[in-house]
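Text of my_file.txt, listed as compact mmCIF, C-alpha atoms:
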# COMPACT_ATOMS: atom_id res chain seq x y z
CA MET A 262 0.00 0.00 0.00
CA ALA A 263 2.79 2.42 0.91
CA GLY A 264 4.63 1.68 -2.33
CA GLY A 265 1.49 2.40 -4.32
CA PHE A 266 1.03 5.72 -2.54
CA TRP A 267 4.56 6.90 -3.33
CA SER A 268 4.20 5.75 -6.94
CA LEU A 269 1.00 7.75 -7.19
CA LEU A 270 2.79 10.80 -5.75
CA GLU A 271 5.61 10.50 -8.29
CA VAL A 272 3.14 10.19 -11.19
CA ALA A 273 1.05 13.14 -10.00
CA SER A 274 4.09 15.41 -9.51
CA MET A 275 4.72 15.79 -13.25
CA PRO A 276 1.57 17.87 -13.96
CA VAL A 277 2.23 19.85 -10.77
CA LEU A 278 5.74 20.85 -11.80
CA GLN A 279 4.46 21.95 -15.21
CA VAL A 280 1.94 24.22 -13.47
CA VAL A 281 4.72 25.53 -11.20
CA PHE A 282 6.94 26.23 -14.20
CA VAL A 283 4.28 27.98 -16.29
CA VAL A 284 2.02 29.63 -13.67
CA PHE A 285 3.08 29.64 -10.00
CA SER A 286 6.78 30.58 -10.24
CA PRO A 287 6.22 33.41 -12.77
CA ALA A 288 3.35 34.75 -10.65
CA LEU A 289 5.48 34.75 -7.49
CA VAL A 290 8.39 36.52 -9.20
CA PHE A 291 6.18 39.17 -10.83
CA ALA A 292 4.15 39.88 -7.68
CA SER A 293 7.27 40.29 -5.52
CA LEU A 294 9.10 42.56 -7.95
CA ALA A 295 6.22 44.76 -9.05
CA LYS A 296 5.23 45.51 -5.45
CA THR A 297 8.54 46.01 -3.66
CA VAL A 298 11.11 47.19 -6.21
CA THR A 299 11.37 50.78 -7.43
CA LEU A 300 13.78 52.44 -9.83
CA GLN A 301 15.67 54.00 -6.91
CA ASP A 302 16.02 50.57 -5.31
CA ILE A 303 17.35 49.05 -8.51
CA ILE A 304 19.95 51.82 -8.70
CA SER A 305 21.01 51.68 -5.03
CA TRP A 306 21.01 47.86 -4.89
CA TRP A 307 23.03 47.48 -8.06
CA PHE A 308 25.63 45.31 -6.32
CA MET A 309 23.12 42.55 -5.50
CA PRO A 310 22.89 41.19 -9.07
CA VAL A 311 26.69 41.35 -9.22
CA ASN A 312 26.90 39.45 -5.92
CA ILE A 313 24.47 36.75 -7.09
CA GLY A 314 26.36 36.50 -10.35
CA LEU A 315 29.55 35.92 -8.34
CA THR A 316 27.87 33.12 -6.37
CA PHE A 317 26.91 31.43 -9.65
CA LEU A 318 30.32 32.03 -11.23
CA LEU A 319 32.49 30.99 -8.29
CA GLY A 320 30.19 28.14 -7.31
CA GLY A 321 30.17 26.92 -10.91
CA ILE A 322 33.97 26.99 -11.06
CA LEU A 323 34.26 25.07 -7.79
CA GLY A 324 31.59 22.61 -8.98
CA TRP A 325 33.52 22.10 -12.22
CA ILE A 326 36.64 21.33 -10.16
CA VAL A 327 34.65 18.77 -8.14
CA VAL A 328 33.45 17.15 -11.37
CA LYS A 329 36.98 16.98 -12.79
CA LEU A 330 38.40 15.51 -9.58
CA LEU A 331 35.66 12.97 -8.77
CA LYS A 332 34.52 12.20 -12.35
CA PRO A 333 30.81 11.42 -11.80
CA GLU A 334 28.63 10.09 -14.59
CA PRO A 335 28.25 12.54 -17.52
CA HIS A 336 24.62 13.46 -16.83
CA VAL A 337 25.43 14.01 -13.13
CA GLY A 338 28.21 16.50 -13.89
CA GLY A 339 25.82 19.28 -14.85
CA LEU A 340 23.73 18.56 -11.77
CA VAL A 341 26.79 18.86 -9.51
CA ILE A 342 27.78 22.20 -11.06
CA ALA A 343 24.20 23.47 -10.76
CA SER A 344 24.00 22.39 -7.10
CA CYS A 345 27.25 24.21 -6.30
CA SER A 346 26.32 27.41 -8.13
CA ALA A 347 22.53 27.93 -7.73
CA GLY A 348 21.41 28.65 -4.18
CA ASN A 349 17.91 28.78 -2.70
CA LEU A 350 17.63 32.56 -2.97
CA GLY A 351 13.90 32.80 -2.34
CA ASN A 352 12.31 30.39 0.10
CA LEU A 353 14.97 30.19 2.81
CA PRO A 354 15.76 33.93 2.99
CA LEU A 355 12.01 34.55 3.38
CA ILE A 356 12.28 32.54 6.60
CA ILE A 357 15.75 33.53 7.81
CA VAL A 358 15.68 37.33 7.42
CA PRO A 359 12.39 38.00 9.31
CA ALA A 360 13.56 35.61 12.04
CA ILE A 361 16.80 37.57 12.43
CA CYS A 362 14.84 40.83 12.62
CA ASN A 363 12.62 39.45 15.40
CA GLN A 364 15.56 38.56 17.64
CA GLU A 365 16.26 40.74 20.65
CA GLY A 366 19.41 42.76 20.30
CA SER A 367 19.41 42.47 16.52
CA PRO A 368 22.02 44.77 14.95
CA PHE A 369 19.56 45.75 12.20
CA GLY A 370 17.43 48.25 14.13
CA GLU A 371 13.70 48.35 14.82
CA THR A 372 11.84 45.12 14.11
CA SER A 373 9.11 46.50 11.84
CA ILE A 374 11.52 48.51 9.69
CA CYS A 375 13.94 45.59 9.57
CA ARG A 376 11.19 43.20 8.41
CA SER A 377 9.89 45.54 5.72
CA LEU A 378 13.34 46.34 4.38
CA GLY A 379 14.44 42.72 4.66
CA LEU A 380 11.46 41.46 2.67
CA SER A 381 12.28 43.97 -0.06
CA TYR A 382 15.85 42.68 -0.21
CA VAL A 383 14.64 39.09 -0.27
CA SER A 384 12.07 39.77 -3.00
CA PHE A 385 14.73 41.41 -5.13
CA SER A 386 17.07 38.48 -4.42
CA MET A 387 14.33 35.99 -5.28
CA ALA A 388 13.63 37.65 -8.63
CA LEU A 389 17.30 37.87 -9.53
CA GLY A 390 17.85 34.28 -8.45
CA GLY A 391 14.95 33.16 -10.60
CA PHE A 392 16.46 35.01 -13.58
CA TYR A 393 19.85 33.33 -13.13
CA ILE A 394 18.34 29.89 -12.46
CA TRP A 395 15.99 29.91 -15.45
CA THR A 396 18.78 31.06 -17.77
CA HIS A 397 22.15 29.72 -16.57
CA THR A 398 21.01 26.65 -14.62
CA TYR A 399 18.21 25.81 -17.05
CA HIS A 400 20.67 25.81 -19.95
CA LEU A 401 23.22 23.82 -17.94
CA LEU A 402 20.75 21.06 -17.08
CA LEU A 403 19.31 21.12 -20.60
CA SER A 404 22.76 20.43 -22.03
CA SER A 405 23.30 17.58 -19.55
CA ALA A 406 19.91 16.10 -20.39
CA GLU A 407 20.63 16.21 -24.11
CA LYS A 408 24.02 14.54 -23.62
CA TYR A 409 22.49 11.84 -21.43
CA LYS A 410 19.69 11.09 -23.88
CA ALA A 411 22.15 11.05 -26.77
CA LEU A 412 24.34 8.54 -24.94
CA GLN A 413 21.31 6.38 -24.15
CA ALA A 414 20.21 6.45 -27.79
CA GLU A 415 23.73 5.53 -28.89
CA LYS A 416 23.80 2.58 -26.49
CA GLU A 417 20.45 1.35 -27.74
CA THR A 418 21.64 1.65 -31.35
CA ASP A 419 24.86 -0.26 -30.56
CA SER A 420 23.02 -3.01 -28.74
CA PHE A 421 20.59 -3.37 -31.66
CA SER A 422 23.31 -3.48 -34.31
CA ASN A 423 25.45 -5.95 -32.31
CA ARG A 424 22.59 -8.34 -31.63
CA PRO A 425 23.57 -11.84 -32.94
CA ASN A 426 21.49 -13.76 -35.47
CA GLN A 427 19.32 -16.19 -33.47
CA ASP A 428 17.86 -18.00 -36.50
CA LEU A 429 18.83 -21.68 -36.04
CA ASP A 430 17.89 -22.54 -39.63
CA SER A 431 20.10 -19.93 -41.18
CA ASP A 432 22.86 -20.91 -43.55
CA GLN A 433 25.84 -19.10 -45.05
CA GLU A 434 23.66 -17.25 -47.55
CA THR A 435 21.38 -16.05 -44.74
CA HIS A 436 24.39 -14.69 -42.85
CA LEU A 437 25.54 -12.81 -45.94
CA LEU A 438 22.09 -11.32 -46.36
CA LYS A 439 22.16 -10.32 -42.69
CA VAL A 440 25.47 -8.53 -43.20
CA ASP A 441 24.05 -6.66 -46.17
CA GLU A 442 21.01 -5.63 -44.12
CA ASP A 443 23.24 -4.40 -41.31
CA GLU A 444 25.26 -2.33 -43.77
CA ASP A 445 22.06 -0.86 -45.16
CA GLN A 446 20.95 0.02 -41.64
CA GLU A 447 24.27 1.69 -40.88
CA ALA A 448 24.07 3.66 -44.13
CA THR A 449 20.55 4.72 -43.21
CA LEU A 450 21.68 5.82 -39.76
CA MET A 451 24.38 7.97 -41.35
CA GLN A 452 21.78 10.02 -43.21
CA PRO A 453 20.67 13.30 -41.63
CA THR A 454 17.41 11.96 -40.29
CA LYS A 455 14.94 14.18 -38.50
CA SER A 456 15.89 12.84 -35.08
CA VAL A 457 19.56 13.68 -35.62
CA VAL A 458 18.84 17.14 -36.97
CA GLU A 459 16.42 17.91 -34.15
CA TYR A 460 19.01 16.96 -31.54
CA ASP A 461 20.64 20.21 -30.60
CA ASP A 462 23.93 19.82 -28.80
CA THR A 463 24.33 23.36 -27.57
CA GLU A 464 28.03 23.02 -26.93
CA SER A 465 29.11 21.60 -30.29
CA GLN A 466 26.65 20.68 -33.01
CA ALA A 467 24.40 23.74 -32.91
CA LEU A 468 27.30 26.20 -32.98
CA VAL A 469 30.11 24.38 -34.75
CA ARG A 470 28.90 21.90 -37.35
CA HIS A 471 26.00 20.23 -39.08
CA LEU A 472 25.38 17.12 -41.12
CA SER A 473 25.76 17.23 -44.85
CA SER A 474 23.73 15.18 -47.28
CA THR A 475 26.48 12.57 -47.42
CA GLY A 476 26.47 12.11 -43.66
CA LYS A 477 29.85 13.81 -43.17
CA LEU A 478 30.49 16.65 -40.78
CA ILE A 479 31.44 20.00 -42.29
CA ASN A 480 32.22 23.36 -40.73
CA VAL A 481 29.57 26.05 -40.81
CA THR A 482 30.11 29.73 -41.52
CA PHE A 483 30.58 32.42 -38.89
CA TRP A 484 27.11 33.84 -39.53
CA ASP A 485 25.56 30.40 -39.00
CA LYS A 486 27.35 30.14 -35.67
CA LEU A 487 26.23 33.64 -34.68
CA ARG A 488 22.63 32.99 -35.70
CA ASN A 489 22.52 29.71 -33.78
CA PHE A 490 24.06 31.38 -30.72
CA PHE A 491 21.45 34.14 -30.61
CA HIS A 492 18.73 31.56 -31.23
CA LEU A 493 19.85 29.70 -28.10
CA ILE A 494 19.92 32.92 -26.05
CA VAL A 495 16.38 33.80 -27.15
CA GLN A 496 15.19 30.30 -26.25
CA GLU A 497 16.62 30.70 -22.75
CA LEU A 498 15.07 34.15 -22.26
CA ILE A 499 11.53 33.15 -23.24
CA THR A 500 10.99 30.79 -20.31
CA PRO A 501 7.93 31.89 -18.26
CA PRO A 502 9.83 32.78 -15.03
CA THR A 503 12.34 34.89 -16.98
CA ILE A 504 9.58 36.77 -18.80
CA ALA A 505 7.84 37.35 -15.46
CA ALA A 506 11.05 38.76 -13.97
CA ILE A 507 11.48 41.19 -16.86
CA LEU A 508 7.84 42.32 -16.58
CA GLY A 509 8.16 42.65 -12.81
CA PHE A 510 11.23 44.87 -13.13
CA THR A 511 9.41 46.97 -15.72
CA PHE A 512 6.26 47.48 -13.64
CA GLY A 513 8.31 48.16 -10.51
CA ALA A 514 10.61 50.70 -12.14
CA VAL A 515 8.01 52.62 -14.20
CA THR A 516 5.88 54.65 -11.80
CA TRP A 517 2.72 55.01 -13.90
CA LEU A 518 2.66 51.28 -14.67
CA LYS A 519 3.07 50.50 -10.98
CA LYS A 520 0.16 52.77 -10.04
CA LEU A 521 -2.08 50.85 -12.43
CA ILE A 522 -1.90 47.60 -10.45
CA ILE A 523 -0.36 48.38 -7.03
CA GLY A 524 -2.26 50.12 -4.22
CA ASP A 525 -5.80 50.32 -2.87
CA THR A 526 -6.80 52.93 -5.43
CA ALA A 527 -5.17 51.24 -8.43
CA PRO A 528 -7.71 50.73 -11.24
CA LEU A 529 -6.28 47.30 -12.14
CA ARG A 530 -5.37 46.12 -8.66
CA VAL A 531 -7.33 42.93 -9.29
CA ILE A 532 -4.44 41.84 -11.53
CA GLN A 533 -1.91 42.12 -8.72
CA ASP A 534 -4.28 40.42 -6.27
CA THR A 535 -4.81 37.52 -8.68
CA VAL A 536 -1.12 37.16 -9.48
CA THR A 537 -0.25 37.28 -5.76
CA LEU A 538 -2.82 34.59 -5.04
CA LEU A 539 -1.33 32.37 -7.75
CA GLY A 540 2.20 33.07 -6.55
CA ASN A 541 1.33 31.95 -3.03
CA GLY A 542 0.92 28.44 -4.41
CA ALA A 543 4.51 28.29 -5.69
CA ILE A 544 6.36 27.57 -2.45
CA PRO A 545 4.02 24.76 -1.20
CA CYS A 546 4.03 23.07 -4.62
CA ILE A 547 7.82 23.33 -4.97
CA THR A 548 8.14 21.86 -1.47
CA LEU A 549 5.85 18.97 -2.45
CA ILE A 550 7.93 18.35 -5.59
CA LEU A 551 11.06 18.39 -3.43
CA GLY A 552 9.47 15.83 -1.09
CA GLY A 553 8.52 13.65 -4.03
CA ASN A 554 12.08 13.78 -5.32
CA LEU A 555 13.44 12.89 -1.88
CA THR A 556 11.34 9.70 -1.84
CA GLN A 557 13.10 8.59 -5.01
CA GLY A 558 16.53 9.26 -3.54
CA ILE A 559 15.76 7.31 -0.36
CA HIS A 560 15.06 4.15 -2.34
CA SER A 561 18.08 4.29 -4.65
CA SER A 562 20.71 6.67 -5.92
CA LYS A 563 23.70 6.56 -8.24
CA VAL A 564 25.55 9.49 -6.67
CA LYS A 565 28.87 8.62 -5.10
CA PRO A 566 29.24 9.66 -1.44
CA LEU A 567 32.39 11.62 -2.30
CA THR A 568 30.39 13.67 -4.81
CA VAL A 569 27.86 14.64 -2.14
CA ILE A 570 30.68 15.47 0.29
CA GLY A 571 32.33 17.62 -2.38
CA ILE A 572 29.12 19.61 -2.91
CA ILE A 573 28.69 20.09 0.85
CA CYS A 574 32.28 21.33 1.21
CA VAL A 575 31.79 23.83 -1.62
CA LYS A 576 28.42 25.11 -0.35
CA TYR A 577 29.12 25.31 3.39
CA MET A 578 32.90 25.64 3.79
CA ILE A 579 34.44 27.44 0.80
CA LEU A 580 31.72 29.73 -0.56
CA PRO A 581 30.78 31.36 2.81
CA VAL A 582 34.40 32.35 3.39
CA ILE A 583 34.57 33.80 -0.11
CA GLY A 584 31.29 35.62 0.56
CA ILE A 585 32.64 37.34 3.63
CA GLY A 586 35.69 38.50 1.68
CA VAL A 587 33.63 39.77 -1.28
CA VAL A 588 31.15 41.72 0.86
CA ARG A 589 33.76 43.24 3.16
CA ALA A 590 35.90 44.26 0.18
CA ALA A 591 32.89 45.84 -1.56
CA HIS A 592 31.99 47.71 1.64
CA SER A 593 35.51 49.03 2.11
CA LEU A 594 35.46 50.32 -1.48
CA GLY A 595 32.17 52.16 -0.87
CA LEU A 596 30.14 50.04 -3.29
CA LEU A 597 27.38 49.09 -0.83
CA PRO A 598 24.60 51.02 0.95
CA SER A 599 25.09 51.76 4.63
CA GLU A 600 22.44 49.26 5.84
CA LYS A 601 24.01 46.30 7.60
CA LEU A 602 21.00 44.17 6.73
CA PHE A 603 21.84 44.54 3.05
CA GLN A 604 25.35 43.25 3.71
CA TYR A 605 23.95 40.36 5.74
CA VAL A 606 21.67 39.34 2.86
CA LEU A 607 24.63 39.46 0.48
CA MET A 608 26.64 37.18 2.76
CA ILE A 609 23.78 34.74 3.26
CA GLN A 610 23.51 34.35 -0.53
CA PHE A 611 26.87 32.53 -0.48
CA THR A 612 25.68 30.04 2.17
CA LEU A 613 22.35 28.73 0.89
CA PRO A 614 21.67 25.10 -0.11
CA PRO A 615 20.86 24.23 -3.74
CA ALA A 616 17.81 25.87 -5.27
CA MET A 617 14.70 23.70 -5.22
CA ASN A 618 14.03 24.75 -8.80
CA ILE A 619 16.93 22.49 -9.77
CA GLY A 620 14.71 19.56 -8.85
CA THR A 621 11.87 21.08 -10.85
CA ILE A 622 14.08 21.45 -13.94
CA ALA A 623 15.54 17.95 -13.53
CA GLN A 624 12.08 16.46 -13.36
CA LEU A 625 10.97 18.61 -16.28
CA PHE A 626 13.69 17.02 -18.44
CA ASP A 627 13.19 13.58 -16.82
CA VAL A 628 16.92 13.18 -16.19
CA GLY A 629 18.85 12.86 -12.91
CA GLN A 630 15.82 12.91 -10.60
CA GLU A 631 17.16 10.28 -8.19
CA GLU A 632 20.61 11.89 -8.12
CA CYS A 633 19.05 15.31 -7.51
CA SER A 634 16.93 14.00 -4.66
CA ILE A 635 19.82 12.45 -2.76
CA ILE A 636 21.91 15.63 -3.20
CA PHE A 637 19.00 17.67 -1.83
CA LEU A 638 18.48 15.25 1.06
CA TRP A 639 22.00 15.60 2.43
CA THR A 640 22.62 19.26 1.57
CA TYR A 641 19.38 20.38 3.26
CA LEU A 642 20.11 18.23 6.32
CA VAL A 643 23.54 19.85 6.68
CA ALA A 644 22.06 23.30 5.93
CA ALA A 645 20.18 23.28 9.24
CA LEU A 646 23.50 23.37 11.10
CA ALA A 647 25.55 25.32 8.55
CA LEU A 648 23.11 28.24 8.26
CA THR A 649 22.95 28.59 12.05
CA VAL A 650 26.72 28.64 12.41
CA TRP A 651 27.37 30.99 9.51
CA SER A 652 24.54 33.36 10.49
CA THR A 653 26.22 33.74 13.87
CA VAL A 654 29.53 34.42 12.17
CA PHE A 655 27.98 37.01 9.82
CA LEU A 656 26.27 38.82 12.71
CA TYR A 657 29.59 38.91 14.58
CA VAL A 658 31.38 40.31 11.52
CA LEU A 659 28.73 43.01 11.02
CA SER A 660 28.34 44.01 14.66

Using structure tokens, write down the structure that the file contains.
Amino acid sequence: MAGGFWSLLEVASMPVLQVVFVVFSPALVFASLAKTVTLQDIISWWFMPVNIGLTFLLGGILGWIVVKLLKPEPHVGGLVIASCSAGNLGNLPLIIVPAICNQEGSPFGETSICRSLGLSYVSFSMALGGFYIWTHTYHLLLSSAEKYKALQAEKETDSFSNRPNQDLDSDQETHLLKVDEDEDQEATLMQPTKSVVEYDDTESQALVRHLSSTGKLINVTFWDKLRNFFHLIVQELITPPTIAAILGFTFGAVTWLKKLIIGDTAPLRVIQDTVTLLGNGAIPCITLILGGNLTQGIHSSKVKPLTVIGIICVKYMILPVIGIGVVRAAHSLGLLPSEKLFQYVLMIQFTLPPAMNIGTIAQLFDVGQEECSIIFLWTYLVAALALTVWSTVFLYVLS
């Protein structure tokens, strides 16, 4: 009975994640940005997108080093890099920052002002994180999924072509006919069939070469490479969460657009109310998807223990130290606002566990779900201790 329940949960999670991807996540990002972010905020908080970009860049480099040292399976490599680079910039800060503001003796001033300002920082961080995740991380996992599926298709083709002749009544002539059929099949496979052309290896085939009519690989022109490159960029930027982030920035920065939907007297406030209501469903659904993924990882996983340990070391030992150095250096150079809470949020961005949207993307591509779940299981267990310790350290540094 229990096994049937978990199987039902796994089957039902696929439609849920599609709704999260198309409706709930974009609604949450748009509602947060349009309400809390203004043009002045975007100008004064300019270092936050740089800081988040550094977390993705440095975490990605460290994740790449882990992949090169530990050599996990090819489709797991992209997942390891994504787990090291993309942090949970929305859900956990929404819990951590208000809790810090409610503490007695908080170095961030009055509780109500701290909460309001902190939620603005977190909303901005959430929107920026969503932009990076649904561009950089989405492309990274898409490339890994394509490589994995290409390898699986190649294995199936090899196993089919190497299958021995099981006909007991066959004679020498039958074997010769079989060889001719195999050669015909290989010649057919060399043709630029629709399945080969549709497969878009973003790192090589789409930008470097294509199949000719004879089945040989030839170099493409510079303009073909440039056109394919911009085509890939456009594909990444038209994902629903990314479009919602762009619209949210626009409505937040342009005053007359903001007055149309934000406020008690706004003529179109029903739009913001509806979008906010839809966005409130994002976090519970993402949490349910995370729980469904964890059930798969409990049963079985192909991730090596050393790989999980490497991710934990990157996320909770190396990146927080780098974060302290980056924020303190930026403060000493006068690049940051005077609010200590802003600096705390910047530091916390280096210490967060992997983004739950990684699990959503992995399940969307149907690749690496078990590996993702076991990585989430251990990184979130360790995060309970790591976030407490590092938050104490950050408060001490800022006090």

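Counting only C-alpha atoms and comparing A:Val650, A:Lys601, A:Ile522, A:Val277, the residue that lies closest to Ser367 (chain A) is A:Lys601.
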
Would you kindly return, as a list in words, each protein, DNA or RNA residue with an atom no farther than 12 Å from any atom of Ser599 (chain A), considering all atoms listed in the file and excluding same-chain residues fewer than 5 positions away?
-> Ser305, Trp306, Phe369, Ala591, His592, Ser593, Gln604, Tyr605 and Leu659 of chain A

Keeping only C-alpha atoms, write the selected residues as a short mmCIF file (atom, residue, chain, number, x, y, z; two decimals), in the coordinates of the input.
data_model
loop_
_atom_site.label_atom_id
_atom_site.label_comp_id
_atom_site.auth_asym_id
_atom_site.auth_seq_id
_atom_site.Cartn_x
_atom_site.Cartn_y
_atom_site.Cartn_z
CA SER A 305 21.01 51.68 -5.03
CA TRP A 306 21.01 47.86 -4.89
CA PHE A 369 19.56 45.75 12.20
CA ALA A 591 32.89 45.84 -1.56
CA HIS A 592 31.99 47.71 1.64
CA SER A 593 35.51 49.03 2.11
CA GLN A 604 25.35 43.25 3.71
CA TYR A 605 23.95 40.36 5.74
CA LEU A 659 28.73 43.01 11.02
#

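Between Thr612 (chain A) and the residues A:Gly391, A:Gly524, A:Pro566, A:Pro354, the shortest atom-to-atom distance, using only C-alpha atoms, involves A:Pro354.
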
(message) What's around region 614-625 of chain A at 7 Å? Count only C-alpha atoms, leave out sequence neighbours fewer than 5 positions away in its own chain, and write the answer as JSON, numbers by chain.
(response) {"A": [278, 344, 345, 347, 348, 349, 399, 547, 551, 576, 630, 633, 640, 641, 644]}

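The smallest atom-to-atom distance between Ile579 (chain A) and any of A:Thr316, A:Thr299, A:Thr500, A:Thr396, using all atoms listed in the file, is found for A:Thr316.
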
Looking at A:Phe385, A:Tyr409, A:Trp517, A:Phe603, which one is nearest to Leu340 (chain A), with distances taken over all atoms listed in the file?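 Checking each candidate against Leu340 (chain A), we get A:Tyr409 as the closest.
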
Need the shell around Leu508 (chain A): protein/DNA/RNA residues with any atom at most 9 Å away, counting only C-alpha atoms. Skip same-chain ones fewer than 4 positions apart. Format as a ChimeraX atom specification?
/A:291,294-295,503-504,512-513

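Nearest to Ser386 (chain A) of all the residues A:Leu656, A:Val284, A:Ala514, A:Val298 is A:Val298, based on all atoms listed in the file.
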
Let me make sure I understand: among A:Ser346, A:Ser405, A:Ile523, A:Asn352, which one has the smallest atom-to-atom distance to Thr537 (chain A) if we use only C-alpha atoms?
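Closest candidate: A:Ile523.
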